[in-house]
file final-v7.cif (mmCIF, N, CA and C atoms and all ligand atoms)
data_protein
#
loop_
_atom_site.label_atom_id
_atom_site.label_comp_id
_atom_site.auth_asym_id
_atom_site.auth_seq_id
_atom_site.Cartn_x
_atom_site.Cartn_y
_atom_site.Cartn_z
N MET A 1 16.41 0.15 7.47
CA MET A 1 15.08 -0.33 7.15
C MET A 1 14.75 -1.56 8.00
N GLY A 2 13.78 -1.43 8.86
CA GLY A 2 13.42 -2.52 9.74
C GLY A 2 12.40 -3.43 9.12
N LEU A 3 12.10 -4.52 9.81
CA LEU A 3 11.09 -5.45 9.32
C LEU A 3 9.70 -5.04 9.82
N PHE A 4 8.73 -5.80 9.42
CA PHE A 4 7.33 -5.44 9.67
C PHE A 4 6.51 -6.72 9.52
N ASP A 5 5.21 -6.63 9.74
CA ASP A 5 4.28 -7.70 9.41
C ASP A 5 3.26 -7.14 8.43
N SER A 6 2.58 -8.03 7.72
CA SER A 6 1.64 -7.59 6.67
C SER A 6 0.22 -8.07 6.96
N ILE A 7 -0.72 -7.23 6.63
CA ILE A 7 -2.13 -7.61 6.70
C ILE A 7 -2.71 -7.40 5.30
N ILE A 8 -3.32 -8.44 4.75
CA ILE A 8 -3.95 -8.30 3.43
C ILE A 8 -5.44 -8.06 3.64
N LEU A 9 -5.92 -6.95 3.12
CA LEU A 9 -7.34 -6.62 3.25
C LEU A 9 -7.89 -6.13 1.93
N LYS A 10 -9.14 -6.49 1.65
CA LYS A 10 -9.82 -5.94 0.48
C LYS A 10 -10.42 -4.61 0.91
N GLU A 11 -9.93 -3.54 0.34
CA GLU A 11 -10.29 -2.22 0.87
C GLU A 11 -10.40 -1.20 -0.26
N LEU A 12 -11.16 -0.14 0.03
CA LEU A 12 -11.27 0.96 -0.93
C LEU A 12 -10.02 1.83 -0.85
N CYS A 13 -9.49 2.18 -1.98
CA CYS A 13 -8.32 3.06 -2.00
C CYS A 13 -8.77 4.51 -1.85
N PRO A 14 -8.14 5.26 -0.93
CA PRO A 14 -8.54 6.66 -0.75
C PRO A 14 -8.12 7.56 -1.91
N TYR A 15 -7.25 7.07 -2.77
CA TYR A 15 -6.81 7.89 -3.91
C TYR A 15 -7.65 7.61 -5.16
N CYS A 16 -7.74 6.35 -5.56
CA CYS A 16 -8.41 6.04 -6.83
C CYS A 16 -9.84 5.53 -6.63
N GLY A 17 -10.21 5.23 -5.39
CA GLY A 17 -11.58 4.80 -5.11
C GLY A 17 -11.88 3.37 -5.53
N LYS A 18 -10.84 2.65 -5.99
CA LYS A 18 -11.08 1.26 -6.40
C LYS A 18 -10.93 0.33 -5.20
N LYS A 19 -11.74 -0.72 -5.19
CA LYS A 19 -11.63 -1.70 -4.13
C LYS A 19 -10.76 -2.86 -4.62
N SER A 20 -9.74 -3.16 -3.86
CA SER A 20 -8.86 -4.25 -4.26
C SER A 20 -8.16 -4.80 -3.02
N GLU A 21 -7.55 -5.95 -3.19
CA GLU A 21 -6.73 -6.49 -2.10
C GLU A 21 -5.47 -5.66 -1.99
N MET A 22 -5.20 -5.21 -0.79
CA MET A 22 -4.02 -4.38 -0.57
C MET A 22 -3.21 -4.93 0.59
N GLU A 23 -1.94 -4.63 0.55
CA GLU A 23 -1.08 -4.97 1.68
C GLU A 23 -1.01 -3.77 2.63
N PHE A 24 -1.22 -4.03 3.91
CA PHE A 24 -0.99 -3.03 4.94
C PHE A 24 0.17 -3.51 5.79
N GLN A 25 1.20 -2.70 5.91
CA GLN A 25 2.36 -3.09 6.71
C GLN A 25 2.27 -2.42 8.08
N THR A 26 2.54 -3.21 9.12
CA THR A 26 2.53 -2.65 10.47
C THR A 26 3.81 -3.03 11.20
N LYS A 27 4.20 -2.15 12.11
CA LYS A 27 5.36 -2.43 12.97
C LYS A 27 4.92 -2.64 14.42
N ASP A 28 3.61 -2.77 14.62
CA ASP A 28 3.11 -2.92 15.99
C ASP A 28 3.28 -4.33 16.55
N LEU A 29 3.47 -5.31 15.70
CA LEU A 29 3.50 -6.71 16.16
C LEU A 29 4.94 -7.23 16.22
N ARG A 30 5.15 -8.49 15.84
CA ARG A 30 6.48 -9.10 16.04
C ARG A 30 7.54 -8.66 15.03
N ASN A 31 7.08 -8.05 13.92
CA ASN A 31 8.00 -7.64 12.84
C ASN A 31 8.82 -8.81 12.31
N CYS A 32 8.10 -9.92 12.08
CA CYS A 32 8.73 -11.15 11.59
C CYS A 32 8.24 -11.49 10.18
N LEU A 33 7.71 -10.52 9.47
CA LEU A 33 7.16 -10.75 8.13
C LEU A 33 5.99 -11.74 8.17
N ASP A 34 5.29 -11.77 9.30
CA ASP A 34 4.06 -12.56 9.38
C ASP A 34 3.01 -11.94 8.48
N VAL A 35 2.10 -12.78 7.98
CA VAL A 35 1.04 -12.30 7.10
C VAL A 35 -0.31 -12.62 7.73
N PHE A 36 -1.19 -11.63 7.81
CA PHE A 36 -2.51 -11.79 8.42
C PHE A 36 -3.59 -11.41 7.42
N GLU A 37 -4.81 -11.95 7.69
CA GLU A 37 -5.98 -11.54 6.93
C GLU A 37 -7.12 -11.25 7.91
N LYS A 38 -8.23 -10.76 7.37
CA LYS A 38 -9.42 -10.51 8.18
C LYS A 38 -9.80 -11.79 8.91
N GLY A 39 -10.10 -11.66 10.22
CA GLY A 39 -10.52 -12.82 11.01
C GLY A 39 -9.37 -13.52 11.72
N ASP A 40 -8.16 -13.18 11.37
CA ASP A 40 -7.00 -13.81 12.02
C ASP A 40 -6.78 -13.23 13.42
N SER A 41 -6.24 -14.05 14.30
CA SER A 41 -5.85 -13.60 15.63
C SER A 41 -4.43 -13.03 15.57
N ILE A 42 -4.22 -11.93 16.29
CA ILE A 42 -2.85 -11.40 16.36
C ILE A 42 -2.15 -11.87 17.64
N SER A 43 -2.80 -12.79 18.35
CA SER A 43 -2.19 -13.46 19.52
C SER A 43 -1.82 -12.52 20.66
N THR A 44 -2.53 -11.42 20.78
CA THR A 44 -2.36 -10.52 21.93
C THR A 44 -3.63 -9.69 22.05
N LEU A 45 -3.96 -9.34 23.29
CA LEU A 45 -5.16 -8.50 23.50
C LEU A 45 -4.76 -7.04 23.70
N LYS A 46 -3.50 -6.76 23.45
CA LYS A 46 -2.93 -5.45 23.75
C LYS A 46 -3.49 -4.32 22.88
N PHE A 47 -3.95 -4.64 21.67
CA PHE A 47 -4.27 -3.57 20.72
C PHE A 47 -5.77 -3.43 20.43
N HIS A 48 -6.22 -2.21 20.23
CA HIS A 48 -7.57 -1.95 19.69
C HIS A 48 -7.47 -1.64 18.20
N PHE A 49 -6.29 -1.27 17.79
CA PHE A 49 -6.03 -1.08 16.36
C PHE A 49 -4.53 -1.20 16.12
N LEU A 50 -4.17 -1.45 14.88
CA LEU A 50 -2.76 -1.48 14.49
C LEU A 50 -2.50 -0.29 13.56
N GLU A 51 -1.46 0.45 13.85
CA GLU A 51 -1.07 1.51 12.92
C GLU A 51 -0.43 0.85 11.71
N SER A 52 -0.80 1.31 10.54
CA SER A 52 -0.27 0.64 9.36
C SER A 52 -0.11 1.60 8.18
N ILE A 53 0.55 1.09 7.16
CA ILE A 53 0.67 1.80 5.89
C ILE A 53 0.11 0.91 4.80
N GLY A 54 -0.94 1.38 4.14
CA GLY A 54 -1.57 0.64 3.06
C GLY A 54 -0.98 1.07 1.72
N ALA A 55 -1.06 0.16 0.74
CA ALA A 55 -0.48 0.46 -0.56
C ALA A 55 -1.42 0.00 -1.68
N CYS A 56 -1.78 0.93 -2.57
CA CYS A 56 -2.63 0.57 -3.71
C CYS A 56 -1.78 0.56 -4.98
N SER A 57 -1.94 -0.52 -5.76
CA SER A 57 -1.18 -0.60 -7.02
C SER A 57 -2.11 -0.70 -8.22
N GLN A 58 -3.38 -0.28 -8.04
CA GLN A 58 -4.28 -0.21 -9.18
C GLN A 58 -3.73 0.81 -10.18
N GLU A 59 -4.10 0.64 -11.44
CA GLU A 59 -3.45 1.41 -12.50
C GLU A 59 -3.36 2.93 -12.24
N PRO A 60 -4.44 3.60 -11.85
CA PRO A 60 -4.30 5.06 -11.64
C PRO A 60 -3.29 5.37 -10.54
N CYS A 61 -3.26 4.53 -9.53
CA CYS A 61 -2.33 4.77 -8.41
C CYS A 61 -0.90 4.40 -8.80
N ARG A 62 -0.77 3.34 -9.59
CA ARG A 62 0.56 2.95 -10.07
C ARG A 62 1.20 4.11 -10.85
N ILE A 63 0.42 4.69 -11.75
CA ILE A 63 0.94 5.79 -12.56
C ILE A 63 1.29 7.00 -11.70
N ARG A 64 0.40 7.32 -10.75
CA ARG A 64 0.69 8.48 -9.90
C ARG A 64 1.92 8.24 -9.03
N ALA A 65 2.08 7.00 -8.55
CA ALA A 65 3.24 6.70 -7.73
C ALA A 65 4.53 6.82 -8.54
N ILE A 66 4.46 6.43 -9.80
CA ILE A 66 5.65 6.55 -10.66
C ILE A 66 5.96 8.02 -10.94
N LYS A 67 4.92 8.82 -11.19
CA LYS A 67 5.14 10.26 -11.37
C LYS A 67 5.84 10.86 -10.15
N ARG A 68 5.33 10.47 -8.98
CA ARG A 68 5.92 10.99 -7.74
C ARG A 68 7.39 10.57 -7.62
N GLU A 69 7.66 9.31 -7.96
CA GLU A 69 9.04 8.82 -7.86
C GLU A 69 9.95 9.59 -8.81
N LEU A 70 9.42 9.90 -9.98
CA LEU A 70 10.23 10.63 -10.97
C LEU A 70 10.51 12.07 -10.51
N MET A 71 9.74 12.54 -9.54
CA MET A 71 10.01 13.86 -8.99
C MET A 71 11.31 13.86 -8.21
N TYR A 72 11.64 12.69 -7.66
CA TYR A 72 12.77 12.61 -6.76
C TYR A 72 14.00 11.96 -7.39
N ARG A 73 13.81 11.23 -8.46
CA ARG A 73 14.95 10.60 -9.13
C ARG A 73 14.66 10.48 -10.62
N LYS A 74 15.69 10.19 -11.38
CA LYS A 74 15.53 10.17 -12.83
C LYS A 74 14.84 8.90 -13.32
N GLU A 75 15.07 7.81 -12.61
CA GLU A 75 14.46 6.54 -12.99
C GLU A 75 13.45 6.14 -11.92
N ALA A 76 12.38 5.50 -12.34
CA ALA A 76 11.41 4.99 -11.37
C ALA A 76 11.31 3.48 -11.54
N SER A 77 10.91 2.80 -10.48
CA SER A 77 10.61 1.38 -10.64
C SER A 77 9.29 1.33 -11.41
N SER A 78 9.11 0.34 -12.26
CA SER A 78 7.91 0.34 -13.09
C SER A 78 6.69 -0.13 -12.31
N PHE A 79 6.94 -0.63 -11.09
CA PHE A 79 5.83 -1.09 -10.27
C PHE A 79 5.61 -0.10 -9.13
N GLY A 80 4.64 0.79 -9.30
CA GLY A 80 4.43 1.84 -8.30
C GLY A 80 3.27 1.54 -7.38
N GLU A 81 3.32 2.09 -6.20
CA GLU A 81 2.23 1.95 -5.24
C GLU A 81 1.98 3.29 -4.56
N ALA A 82 0.72 3.66 -4.45
CA ALA A 82 0.37 4.87 -3.70
C ALA A 82 0.10 4.46 -2.26
N ILE A 83 0.79 5.09 -1.33
CA ILE A 83 0.67 4.65 0.07
C ILE A 83 -0.06 5.67 0.94
N PHE A 84 -0.68 5.15 2.00
CA PHE A 84 -1.44 5.99 2.93
C PHE A 84 -1.39 5.35 4.32
N HIS A 85 -1.56 6.19 5.32
CA HIS A 85 -1.62 5.69 6.70
C HIS A 85 -3.04 5.25 7.03
N ALA A 86 -3.15 4.20 7.84
CA ALA A 86 -4.47 3.73 8.25
C ALA A 86 -4.36 2.93 9.54
N ASP A 87 -5.42 2.98 10.33
CA ASP A 87 -5.50 2.14 11.53
C ASP A 87 -6.38 0.94 11.21
N ILE A 88 -5.89 -0.24 11.53
CA ILE A 88 -6.64 -1.47 11.29
C ILE A 88 -7.29 -1.90 12.60
N GLU A 89 -8.60 -2.03 12.58
CA GLU A 89 -9.34 -2.31 13.81
C GLU A 89 -9.09 -3.73 14.31
N ILE A 90 -8.89 -3.83 15.64
CA ILE A 90 -8.72 -5.14 16.31
C ILE A 90 -9.81 -5.25 17.36
N ASN A 91 -10.49 -6.37 17.40
CA ASN A 91 -11.50 -6.59 18.44
C ASN A 91 -11.18 -7.91 19.16
N LYS A 92 -10.84 -7.81 20.43
CA LYS A 92 -10.47 -8.99 21.24
C LYS A 92 -9.38 -9.82 20.56
N GLY A 93 -8.42 -9.14 20.01
CA GLY A 93 -7.28 -9.83 19.41
C GLY A 93 -7.49 -10.33 17.99
N ILE A 94 -8.66 -10.02 17.42
CA ILE A 94 -8.97 -10.49 16.06
C ILE A 94 -9.02 -9.30 15.10
N ILE A 95 -8.46 -9.49 13.92
CA ILE A 95 -8.51 -8.44 12.89
C ILE A 95 -9.92 -8.39 12.30
N THR A 96 -10.62 -7.25 12.52
CA THR A 96 -12.03 -7.17 12.08
C THR A 96 -12.14 -6.93 10.57
N GLY A 97 -11.10 -6.39 9.98
CA GLY A 97 -11.16 -6.06 8.56
C GLY A 97 -11.53 -4.61 8.30
N LYS A 98 -11.91 -3.90 9.38
CA LYS A 98 -12.24 -2.48 9.22
C LYS A 98 -10.98 -1.63 9.26
N VAL A 99 -10.97 -0.61 8.41
CA VAL A 99 -9.84 0.31 8.33
C VAL A 99 -10.34 1.70 8.70
N LYS A 100 -9.64 2.35 9.62
CA LYS A 100 -10.09 3.66 10.11
C LYS A 100 -8.97 4.69 10.03
N ASN A 101 -9.38 5.95 10.22
CA ASN A 101 -8.41 7.07 10.30
C ASN A 101 -7.42 7.07 9.13
N VAL A 102 -7.96 6.93 7.95
CA VAL A 102 -7.10 6.93 6.76
C VAL A 102 -6.54 8.34 6.54
N GLN A 103 -5.24 8.41 6.35
CA GLN A 103 -4.59 9.69 6.07
C GLN A 103 -3.78 9.58 4.79
N ILE A 104 -4.14 10.40 3.83
CA ILE A 104 -3.44 10.34 2.55
C ILE A 104 -2.27 11.32 2.53
N SER A 105 -1.40 11.14 1.56
CA SER A 105 -0.33 12.09 1.33
C SER A 105 -0.64 12.82 0.03
N GLU A 106 -0.55 14.13 0.06
CA GLU A 106 -0.93 14.90 -1.14
C GLU A 106 -0.01 14.60 -2.33
N GLU A 107 1.15 14.00 -2.03
CA GLU A 107 2.10 13.71 -3.13
C GLU A 107 1.60 12.63 -4.10
N TYR A 108 0.52 11.93 -3.72
CA TYR A 108 -0.06 10.95 -4.64
C TYR A 108 -1.36 11.45 -5.26
N THR A 109 -1.62 12.74 -5.16
CA THR A 109 -2.87 13.28 -5.72
C THR A 109 -2.57 14.08 -6.99
N ASP A 110 -3.54 14.09 -7.89
CA ASP A 110 -3.36 14.82 -9.15
C ASP A 110 -3.11 16.31 -8.96
N PRO A 111 -3.84 17.00 -8.06
CA PRO A 111 -3.58 18.45 -7.93
C PRO A 111 -2.12 18.75 -7.61
N TRP A 112 -1.52 17.92 -6.79
CA TRP A 112 -0.12 18.16 -6.42
C TRP A 112 0.81 17.75 -7.57
N LEU A 113 0.57 16.57 -8.14
CA LEU A 113 1.44 16.08 -9.22
C LEU A 113 1.37 16.97 -10.45
N ASN A 114 0.22 17.61 -10.65
CA ASN A 114 0.03 18.42 -11.85
C ASN A 114 0.42 19.88 -11.67
N LYS A 115 0.90 20.23 -10.49
CA LYS A 115 1.45 21.58 -10.32
C LYS A 115 2.58 21.76 -11.33
N LYS A 116 2.64 22.96 -11.88
CA LYS A 116 3.60 23.21 -12.95
C LYS A 116 5.02 22.77 -12.60
N GLU A 117 5.48 23.17 -11.42
CA GLU A 117 6.87 22.89 -11.03
C GLU A 117 7.09 21.39 -10.78
N ASN A 118 6.02 20.67 -10.52
CA ASN A 118 6.14 19.22 -10.31
C ASN A 118 6.02 18.46 -11.63
N LYS A 119 5.05 18.87 -12.42
CA LYS A 119 4.77 18.19 -13.68
C LYS A 119 6.00 18.16 -14.59
N ILE A 120 6.75 19.25 -14.55
CA ILE A 120 7.91 19.36 -15.44
C ILE A 120 8.92 18.23 -15.17
N LYS A 121 8.90 17.70 -13.95
CA LYS A 121 9.88 16.67 -13.58
C LYS A 121 9.49 15.27 -14.07
N TRP A 122 8.20 15.02 -14.25
CA TRP A 122 7.82 13.67 -14.68
C TRP A 122 7.30 13.60 -16.11
N GLU A 123 6.96 14.78 -16.65
CA GLU A 123 6.28 14.83 -17.93
C GLU A 123 7.01 14.10 -19.06
N LYS A 124 8.30 14.29 -19.14
CA LYS A 124 9.06 13.72 -20.26
C LYS A 124 9.25 12.22 -20.13
N GLU A 125 9.32 11.74 -18.89
CA GLU A 125 9.68 10.35 -18.64
C GLU A 125 8.49 9.40 -18.53
N ILE A 126 7.33 9.94 -18.21
CA ILE A 126 6.22 9.08 -17.80
C ILE A 126 5.76 8.14 -18.91
N GLY A 127 5.92 8.55 -20.16
CA GLY A 127 5.44 7.74 -21.26
C GLY A 127 5.93 6.31 -21.24
N LYS A 128 7.21 6.13 -21.00
CA LYS A 128 7.76 4.78 -21.07
C LYS A 128 7.25 3.88 -19.94
N TYR A 129 6.88 4.49 -18.83
CA TYR A 129 6.33 3.69 -17.72
C TYR A 129 4.84 3.41 -17.95
N ALA A 130 4.15 4.42 -18.47
CA ALA A 130 2.71 4.27 -18.66
C ALA A 130 2.41 3.19 -19.68
N LEU A 131 3.30 3.03 -20.64
CA LEU A 131 3.05 2.06 -21.71
C LEU A 131 3.38 0.63 -21.30
N LYS A 132 4.17 0.50 -20.27
CA LYS A 132 4.55 -0.84 -19.83
C LYS A 132 3.34 -1.58 -19.30
N PRO A 133 3.20 -2.84 -19.67
CA PRO A 133 2.09 -3.60 -19.11
C PRO A 133 2.24 -3.71 -17.60
N LYS A 134 1.14 -3.71 -16.94
CA LYS A 134 1.17 -3.78 -15.49
C LYS A 134 1.72 -5.13 -15.03
N ILE A 135 2.62 -5.08 -14.11
CA ILE A 135 3.15 -6.31 -13.52
C ILE A 135 2.02 -6.95 -12.71
N ASP A 136 1.89 -8.25 -12.78
CA ASP A 136 0.79 -8.90 -12.08
C ASP A 136 0.95 -8.77 -10.56
N SER A 137 -0.04 -9.26 -9.86
CA SER A 137 -0.02 -9.04 -8.41
C SER A 137 0.90 -10.05 -7.73
N SER A 138 2.13 -10.13 -8.22
CA SER A 138 3.07 -11.12 -7.69
C SER A 138 3.40 -10.88 -6.23
N LEU A 139 3.38 -9.63 -5.82
CA LEU A 139 3.69 -9.33 -4.43
C LEU A 139 2.64 -9.93 -3.51
N LEU A 140 1.37 -9.73 -3.85
CA LEU A 140 0.30 -10.29 -3.02
C LEU A 140 0.34 -11.81 -3.04
N ASN A 141 0.63 -12.38 -4.20
CA ASN A 141 0.72 -13.84 -4.28
C ASN A 141 1.83 -14.36 -3.38
N GLU A 142 2.92 -13.63 -3.37
CA GLU A 142 4.04 -14.02 -2.52
C GLU A 142 3.64 -13.98 -1.05
N LEU A 143 2.90 -12.92 -0.69
CA LEU A 143 2.44 -12.80 0.70
C LEU A 143 1.54 -13.96 1.09
N LYS A 144 0.63 -14.33 0.16
CA LYS A 144 -0.31 -15.41 0.46
C LYS A 144 0.42 -16.75 0.60
N GLN A 145 1.44 -16.91 -0.21
CA GLN A 145 2.23 -18.13 -0.12
C GLN A 145 2.94 -18.20 1.24
N ARG A 146 3.47 -17.04 1.64
CA ARG A 146 4.15 -16.98 2.94
C ARG A 146 3.16 -17.30 4.06
N LYS A 147 1.94 -16.79 3.93
CA LYS A 147 0.91 -17.05 4.94
C LYS A 147 0.57 -18.54 5.03
N SER A 148 0.47 -19.18 3.87
CA SER A 148 0.10 -20.60 3.89
C SER A 148 1.21 -21.44 4.52
N LEU A 149 2.44 -20.98 4.43
CA LEU A 149 3.56 -21.72 5.02
C LEU A 149 3.64 -21.53 6.53
N GLN A 150 3.11 -20.41 7.02
CA GLN A 150 3.29 -20.13 8.46
C GLN A 150 2.25 -20.84 9.31
N LYS A 151 1.24 -21.48 8.66
CA LYS A 151 0.18 -22.16 9.44
C LYS A 151 0.69 -23.42 10.10
ZN ZN B 201 -5.62 3.34 -5.64
#
call {"tool": "encode", "arguments": {"input": "final-v7.cif", "output": "structure tokens", "more": "lines below"}}
Ligand SMILES: [Zn+2]
result
Amino acid sequence: MGLFDSIILKELCPYCGKKSEMEFQTKDLRNCLDVFEKGDSISTLKFHFLESIGACSQEPCRIRAIKRELMYRKEASSFGEAIFHADIEINKGIITGKVKNVQISEEYTDPWLNKKENKIKWEKEIGKYALKPKIDSSLLNELKQRKSLQK
């Protein structure tokens, strides 16, 4: 597992349609766990966009991510995120805040999760995760703290 850098953007989730602050991880830059926001310079003119992976942890996506995890293992982490690929637009070395070419994975969609052969794997376990109160946005807070330290 290699390192990456993070971009925090307020964006619409392609799965749940909610707008929230999300972390987008990219490996196109220094991979030093740097944190960027809209309007920040990436200190190079090399890119027109950054390839990234966005993650939504809004409640509908959290639950779907946990269902998906339960498909692959018996226990899931209670903090789930639905992830998708996206290109983050760069203009003259500055992060514009626009997100393009979003590509979702069907494994985070209800039609796929609710297929009979899939549902049987998460159906019994999901209750205990669904009832758990949502963990606060500690991850994003941590990222913002890291960003304030790197200035
Ligand atoms: Zn979502």
call {"tool": "atom_distance", "arguments": {"input": "final-v7.cif", "atom1": "CA of Glu89 in chain A", "atom2": "CA of Lys10 in chain A"}}
result
13.8 Å
call {"tool": "atom_distance", "arguments": {"input": "final-v7.cif", "atom1": "CA of Ser105 in chain A", "atom2": "CA of Lys128 in chain A"}}
result
24.9 Å
call {"tool": "closest_atom_pairs", "arguments": {"input": "final-v7.cif", "of": "chain A", "to": "ligand ZN 201 (chain B)", "cutoff": "7 Å", "atoms": "only C-alpha atoms and all ligand atoms", "output": "Markdown table"}}
result
| residue | atom | partner | partner_atom | distance |
| --- | --- | --- | --- | --- |
| A:Cys13 | CA | B:ZN201 | ZN | 4.5 |
| A:Pro14 | CA | B:ZN201 | ZN | 6.6 |
| A:Tyr15 | CA | B:ZN201 | ZN | 5.0 |
| A:Cys16 | CA | B:ZN201 | ZN | 4.1 |
| A:Gly17 | CA | B:ZN201 | ZN | 6.2 |
| A:Lys18 | CA | B:ZN201 | ZN | 5.9 |
| A:Cys56 | CA | B:ZN201 | ZN | 4.5 |
| A:Ser57 | CA | B:ZN201 | ZN | 6.1 |
| A:Gln58 | CA | B:ZN201 | ZN | 5.2 |
| A:Pro60 | CA | B:ZN201 | ZN | 6.4 |
| A:Cys61 | CA | B:ZN201 | ZN | 4.5 |
| A:Ala82 | CA | B:ZN201 | ZN | 6.5 |
call {"tool": "atom_distance", "arguments": {"input": "final-v7.cif", "atom1": "CA of Ala130 in chain A", "atom2": "CA of Ser78 in chain A"}}
result
8.6 Å
call {"tool": "closest_residue", "arguments": {"input": "final-v7.cif", "among": "A:Lys19, A:His85, A:Lys115, A:Lys147", "to": "Asp40 in chain A", "atoms": "only C-alpha atoms"}}
result
A:Lys147
call {"tool": "closest_residue", "arguments": {"input": "final-v7.cif", "among": "A:Glu11, A:Cys32, A:Ile88, A:Arg62", "to": "Arg146 in chain A", "atoms": "only C-alpha atoms"}}
result
A:Cys32
call {"tool": "closest_residue", "arguments": {"input": "final-v7.cif", "among": "A:Thr26, A:Thr44, A:Ser77, A:Ser20", "to": "Gly2 in chain A", "atoms": "only C-alpha atoms"}}
result
A:Thr26
call {"tool": "select_by_dssp", "arguments": {"input": "final-v7.cif", "residues": "range 30-76 of chain A", "states": "alpha helix (DSSP H)", "output": "PyMOL selection string"}}
result
chain A and resi 59-72
call {"tool": "select_by_dssp", "arguments": {"input": "final-v7.cif", "residues": "range 9-143 of chain A", "states": "strand (DSSP E or B)", "output": "PyMOL selection string"}}
result
chain A and resi 9-12+19-26+35-37+41+49-56+82-91+94-103
call {"tool": "closest_residue", "arguments": {"input": "final-v7.cif", "among": "A:Glu37, A:Glu75, A:Glu69, A:Phe24", "to": "Glu51 in chain A", "atoms": "all atoms listed in the file"}}
result
A:Phe24
call {"tool": "residues_around", "arguments": {"input": "final-v7.cif", "residues": "Asn141 in chain A", "least_positions_apart": "3", "cutoff": "12 Å", "atoms": "only C-alpha atoms", "output": "list in words"}}
result
Ile8, Glu21, Met22, Glu23, Val35, Asp136, Ser137, Ser138, Lys144, Gln145, Arg146, Lys147 and Ser148 of chain A
call {"tool": "residues_around", "arguments": {"input": "final-v7.cif", "residues": "Glu107 in chain A", "least_positions_apart": "5", "cutoff": "7 Å", "atoms": "only C-alpha atoms", "output": "count of residues only"}}
result
3
call {"tool": "closest_residue", "arguments": {"input": "final-v7.cif", "among": "A:Glu81, A:Glu125, A:Asp87, A:Glu142", "to": "Tyr108 in chain A", "atoms": "only C-alpha atoms"}}
result
A:Glu81
call {"tool": "axis_aligned_box", "arguments": {"input": "final-v7.cif", "around": "range 90-109 of chain A", "padding_each_side": "8 Å", "output": "JSON"}}
result
{"center_x": -5.1, "center_y": 2.2, "center_z": 7.1, "size_x": 30.3, "size_y": 41.4, "size_z": 44.2}
call {"tool": "residues_around", "arguments": {"input": "final-v7.cif", "residues": "Phe47 in chain A", "least_positions_apart": "6", "cutoff": "8 Å", "atoms": "all atoms listed in the file", "output": "list in words"}}
result
Glu89, Ile90, Asn91, Lys92, Gly93 and Ile94 of chain A
call {"tool": "closest_residue", "arguments": {"input": "final-v7.cif", "among": "A:Ile7, A:Ile53, A:Ala86, A:Leu143", "to": "Lys100 in chain A", "atoms": "all atoms listed in the file"}}
result
A:Ala86
